[in-house]
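The structure appears below as structure tokens.
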Amino acid sequence: MSNPAKAKLANKRAEDLRLTIALAAHALFVADGDTSATVERICETVGIAPRTFHRYFATKEDVVLPLFRRSEQLVREVLAKAPIDADPADVLTHAFTTEVHQRQSFDFDRTFMTLMINTPEYRRRWLEWGEWLYEPITEFLSARMDLGTDPFLRELPAQLVVQTSRQAYTHWIVRAESTDFAEVEAIMQRGLTVLFAGLSAVTSPVAHPT
């Protein structure tokens, strides 16, 4: 018979090792200023064999995925804890920036994101980031406004929220004259405010008991 507790522990250890490997690659990429660190070098930093690396990651570029999943999980947690009467733009701006604020390593994070955006192999992974958030964002918004029942239109606002976040970070990396992280928040806040102003024109707020 299978042992659920043992299986859960094994899964937890595997996830922890994936994240440890990802963090090691993360640090090497930023220190080097590029993504050229080999699998062997990443493994040497962690103290594992390359075969162990490939047990968890099909390609070297997949090593960043645990970092993106961790970020997505934090967004989920912020949305789940948000008061029902909080401004959606405020909550979502906080959700998409809280991880960077927690670390307080703005130059480090900006360098890493620059590498992700400007390196084609990693940019594809970065563009896939956020897809797991469509459902929790839709749930968050549907508790505050009528999104209707059409599956496409119901999920579309969540997709636009994620895209607004991507564009705010891209602006910070590519176009912003200032490296101040506050610019990301300001742009994201403005973008989401415009998005919800347009959305409110075609939807009705959800009534909540007082």
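Going through the structure tokens in order, the chains are called A, B, and so on, while each chain numbers its residues from 1 and the ligands are numbered from 1 in the order shown.
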Exercise for review: Enumerate, as a ChimeraX atom specification, the complete set of residues in region 22-78 of chain A that a backbone-based DSSP assignment places in alpha helix (DSSP H).
Suggested key: /A:22-32,39-46,50-56,65-78
Select from region 158-193 of chain A every residue with an atom at most 7 Å from any atom of region 82-99 of chain A, then for each give the shortest pair of atoms and their distance in Å to one decimal, using only C-alpha atoms, rows by chain and rising number, as JSON lines.
{"residue": "A:Ser165", "atom": "CA", "partner": "A:Phe96", "partner_atom": "CA", "distance": 6.9}
{"residue": "A:Glu185", "atom": "CA", "partner": "A:Thr93", "partner_atom": "CA", "distance": 6.4}
{"residue": "A:Met188", "atom": "CA", "partner": "A:Thr93", "partner_atom": "CA", "distance": 6.2}
{"residue": "A:Gln189", "atom": "CA", "partner": "A:Thr93", "partner_atom": "CA", "distance": 6.0}
{"residue": "A:Leu192", "atom": "CA", "partner": "A:Ala89", "partner_atom": "CA", "distance": 5.4}
{"residue": "A:Thr193", "atom": "CA", "partner": "A:Ala89", "partner_atom": "CA", "distance": 5.9}
Just C-alpha atoms for this one: save the residues we selected as a PDB file, in the first residue's frame.
ATOM      1  CA  SER A 165       1.651  43.617 -15.004  1.00  0.00           C
ATOM      2  CA  GLU A 185       3.727  50.405  -9.149  1.00  0.00           C
ATOM      3  CA  MET A 188       0.606  49.269 -13.019  1.00  0.00           C
ATOM      4  CA  GLN A 189      -1.843  51.247 -10.897  1.00  0.00           C
ATOM      5  CA  LEU A 192      -5.336  48.718 -13.960  1.00  0.00           C
ATOM      6  CA  THR A 193      -7.407  51.807 -13.174  1.00  0.00           C
TER       7      THR A 193
END
Practice item. Excluding Tyr56 (chain A) and any residue of its chain fewer than 6 positions from it, enumerate the residues within 12 Å of it, using only C-alpha atoms, and give them as a list in words. Key: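 Returned residues: Asn11, Arg13, Ala14, Glu15, Asp16, Leu17, Arg18, Leu19, Thr20, Ile21, Ala22, Ile48, Ala49, Pro50, Asp62, Val63, Val64, Leu65 and Pro66 of chain A.
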Point to revise | Counting only C-alpha atoms, the residue of A:Leu28, A:Ala168, A:Ala186, A:Leu133 that sits nearest Gln73 (chain A) | key: A:Leu133
**Study point:** Option closest in space to Thr35 (chain A), from A:Leu141, A:Ala80, A:Leu147, A:Met113 [counting only C-alpha atoms]
**Key:**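 Under the stated criterion, the closest residue is A:Met113.
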Review point. Hey, what's within 12 Å of Thr114 (chain A) if we count only C-alpha atoms and toss same-chain stuff fewer than 5 positions away? As a PyMOL selection string, please?
Key: chain A and resi 29-30+33-35+106-109+119-120+122-123+126+169-175+179
So that I have them on file, write out the residues from the current selection with N, CA and C atoms, as a PDB file, in the first residue's frame.
ATOM      1  N   PHE A  29      23.171  33.848 -12.590  1.00  0.00           N
ATOM      2  CA  PHE A  29      22.808  34.676 -13.737  1.00  0.00           C
ATOM      3  C   PHE A  29      23.003  36.157 -13.422  1.00  0.00           C
ATOM      4  N   VAL A  30      22.521  36.562 -12.256  1.00  0.00           N
ATOM      5  CA  VAL A  30      22.627  37.973 -11.888  1.00  0.00           C
ATOM      6  C   VAL A  30      24.087  38.365 -11.676  1.00  0.00           C
ATOM      7  N   GLY A  33      25.717  38.559 -15.006  1.00  0.00           N
ATOM      8  CA  GLY A  33      25.127  39.530 -15.927  1.00  0.00           C
ATOM      9  C   GLY A  33      24.662  38.907 -17.223  1.00  0.00           C
ATOM     10  N   ASP A  34      24.582  37.573 -17.253  1.00  0.00           N
ATOM     11  CA  ASP A  34      24.057  36.861 -18.416  1.00  0.00           C
ATOM     12  C   ASP A  34      23.593  35.483 -17.963  1.00  0.00           C
ATOM     13  N   THR A  35      23.057  34.708 -18.889  1.00  0.00           N
ATOM     14  CA  THR A  35      22.502  33.398 -18.536  1.00  0.00           C
ATOM     15  C   THR A  35      23.384  32.252 -19.029  1.00  0.00           C
ATOM     16  N   PHE A 106      16.159  45.566  -5.157  1.00  0.00           N
ATOM     17  CA  PHE A 106      15.597  46.080  -6.400  1.00  0.00           C
ATOM     18  C   PHE A 106      16.568  45.969  -7.573  1.00  0.00           C
ATOM     19  N   ASP A 107      17.848  46.287  -7.359  1.00  0.00           N
ATOM     20  CA  ASP A 107      18.822  46.181  -8.449  1.00  0.00           C
ATOM     21  C   ASP A 107      18.999  44.734  -8.883  1.00  0.00           C
ATOM     22  N   PHE A 108      19.026  43.826  -7.916  1.00  0.00           N
ATOM     23  CA  PHE A 108      19.151  42.395  -8.195  1.00  0.00           C
ATOM     24  C   PHE A 108      17.961  41.932  -9.041  1.00  0.00           C
ATOM     25  N   ASP A 109      16.759  42.291  -8.601  1.00  0.00           N
ATOM     26  CA  ASP A 109      15.555  41.858  -9.318  1.00  0.00           C
ATOM     27  C   ASP A 109      15.471  42.484 -10.702  1.00  0.00           C
ATOM     28  N   THR A 119      16.560  37.774 -23.144  1.00  0.00           N
ATOM     29  CA  THR A 119      17.146  36.520 -23.617  1.00  0.00           C
ATOM     30  C   THR A 119      16.026  35.638 -24.168  1.00  0.00           C
ATOM     31  N   PRO A 120      15.978  35.393 -25.469  1.00  0.00           N
ATOM     32  CA  PRO A 120      14.832  34.713 -26.084  1.00  0.00           C
ATOM     33  C   PRO A 120      14.412  33.417 -25.408  1.00  0.00           C
ATOM     34  N   TYR A 122      14.671  32.446 -22.395  1.00  0.00           N
ATOM     35  CA  TYR A 122      14.046  32.675 -21.094  1.00  0.00           C
ATOM     36  C   TYR A 122      12.812  33.549 -21.213  1.00  0.00           C
ATOM     37  N   ARG A 123      12.786  34.416 -22.209  1.00  0.00           N
ATOM     38  CA  ARG A 123      11.624  35.280 -22.417  1.00  0.00           C
ATOM     39  C   ARG A 123      10.365  34.443 -22.634  1.00  0.00           C
ATOM     40  N   TRP A 126       9.109  33.459 -19.384  1.00  0.00           N
ATOM     41  CA  TRP A 126       8.552  34.622 -18.706  1.00  0.00           C
ATOM     42  C   TRP A 126       7.167  34.975 -19.256  1.00  0.00           C
ATOM     43  N   TYR A 169       6.371  45.960 -15.838  1.00  0.00           N
ATOM     44  CA  TYR A 169       7.742  45.518 -15.588  1.00  0.00           C
ATOM     45  C   TYR A 169       8.628  45.726 -16.826  1.00  0.00           C
ATOM     46  N   THR A 170       8.069  45.508 -18.005  1.00  0.00           N
ATOM     47  CA  THR A 170       8.835  45.730 -19.228  1.00  0.00           C
ATOM     48  C   THR A 170       9.232  47.200 -19.349  1.00  0.00           C
ATOM     49  N   HIS A 171       8.310  48.084 -19.015  1.00  0.00           N
ATOM     50  CA  HIS A 171       8.607  49.522 -19.047  1.00  0.00           C
ATOM     51  C   HIS A 171       9.758  49.848 -18.094  1.00  0.00           C
ATOM     52  N   TRP A 172       9.722  49.242 -16.916  1.00  0.00           N
ATOM     53  CA  TRP A 172      10.780  49.459 -15.917  1.00  0.00           C
ATOM     54  C   TRP A 172      12.140  49.021 -16.450  1.00  0.00           C
ATOM     55  N   ILE A 173      12.137  47.929 -17.214  1.00  0.00           N
ATOM     56  CA  ILE A 173      13.384  47.379 -17.724  1.00  0.00           C
ATOM     57  C   ILE A 173      13.859  48.102 -18.979  1.00  0.00           C
ATOM     58  N   VAL A 174      12.949  48.372 -19.891  1.00  0.00           N
ATOM     59  CA  VAL A 174      13.324  48.803 -21.229  1.00  0.00           C
ATOM     60  C   VAL A 174      13.221  50.312 -21.433  1.00  0.00           C
ATOM     61  N   ARG A 175      12.164  50.913 -20.872  1.00  0.00           N
ATOM     62  CA  ARG A 175      11.887  52.297 -21.236  1.00  0.00           C
ATOM     63  C   ARG A 175      12.061  53.308 -20.113  1.00  0.00           C
ATOM     64  N   THR A 179      15.284  54.036 -12.379  1.00  0.00           N
ATOM     65  CA  THR A 179      15.276  52.633 -11.954  1.00  0.00           C
ATOM     66  C   THR A 179      14.453  52.439 -10.688  1.00  0.00           C
TER      67      THR A 179
END
Point to revise | Coordinates-based distance that separates CA of Glu72 (chain A) from CA of Glu131 (chain A) (Å, one decimal) | key: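 Computing the Euclidean distance for CA of Glu131 (chain A) and CA of Glu72 (chain A) yields 9.1 Å.
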Do a neighbour search on Thr149 (chain A) at 12 Å with only C-alpha atoms, toss out local chain neighbours closer than 6 positions, and write the hits as a PDB file with N, CA, C and O atoms, in the first residue's frame.
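The result, stored in part-v9.pdb:
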ATOM      1  N   THR A 138      -9.754  35.818 -11.900  1.00  0.00           N
ATOM      2  CA  THR A 138     -11.167  35.808 -12.298  1.00  0.00           C
ATOM      3  C   THR A 138     -12.067  35.647 -11.079  1.00  0.00           C
ATOM      4  O   THR A 138     -13.087  36.327 -10.945  1.00  0.00           O
ATOM      5  N   SER A 142     -14.689  38.414  -9.953  1.00  0.00           N
ATOM      6  CA  SER A 142     -16.103  38.045 -10.010  1.00  0.00           C
ATOM      7  C   SER A 142     -16.814  38.252  -8.679  1.00  0.00           C
ATOM      8  O   SER A 142     -18.041  38.370  -8.634  1.00  0.00           O
ATOM      9  N   GLU A 155     -12.979  35.352 -18.570  1.00  0.00           N
ATOM     10  CA  GLU A 155     -11.555  35.240 -18.266  1.00  0.00           C
ATOM     11  C   GLU A 155     -10.730  36.385 -18.846  1.00  0.00           C
ATOM     12  O   GLU A 155      -9.618  36.659 -18.385  1.00  0.00           O
ATOM     13  N   LEU A 156     -11.287  37.090 -19.838  1.00  0.00           N
ATOM     14  CA  LEU A 156     -10.531  38.137 -20.516  1.00  0.00           C
ATOM     15  C   LEU A 156      -9.970  39.204 -19.568  1.00  0.00           C
ATOM     16  O   LEU A 156      -8.795  39.589 -19.706  1.00  0.00           O
ATOM     17  N   THR A 203     -20.127  46.322 -17.034  1.00  0.00           N
ATOM     18  CA  THR A 203     -20.520  45.374 -15.995  1.00  0.00           C
ATOM     19  C   THR A 203     -21.162  46.118 -14.845  1.00  0.00           C
ATOM     20  O   THR A 203     -21.124  47.341 -14.773  1.00  0.00           O
TER      21      THR A 203
END
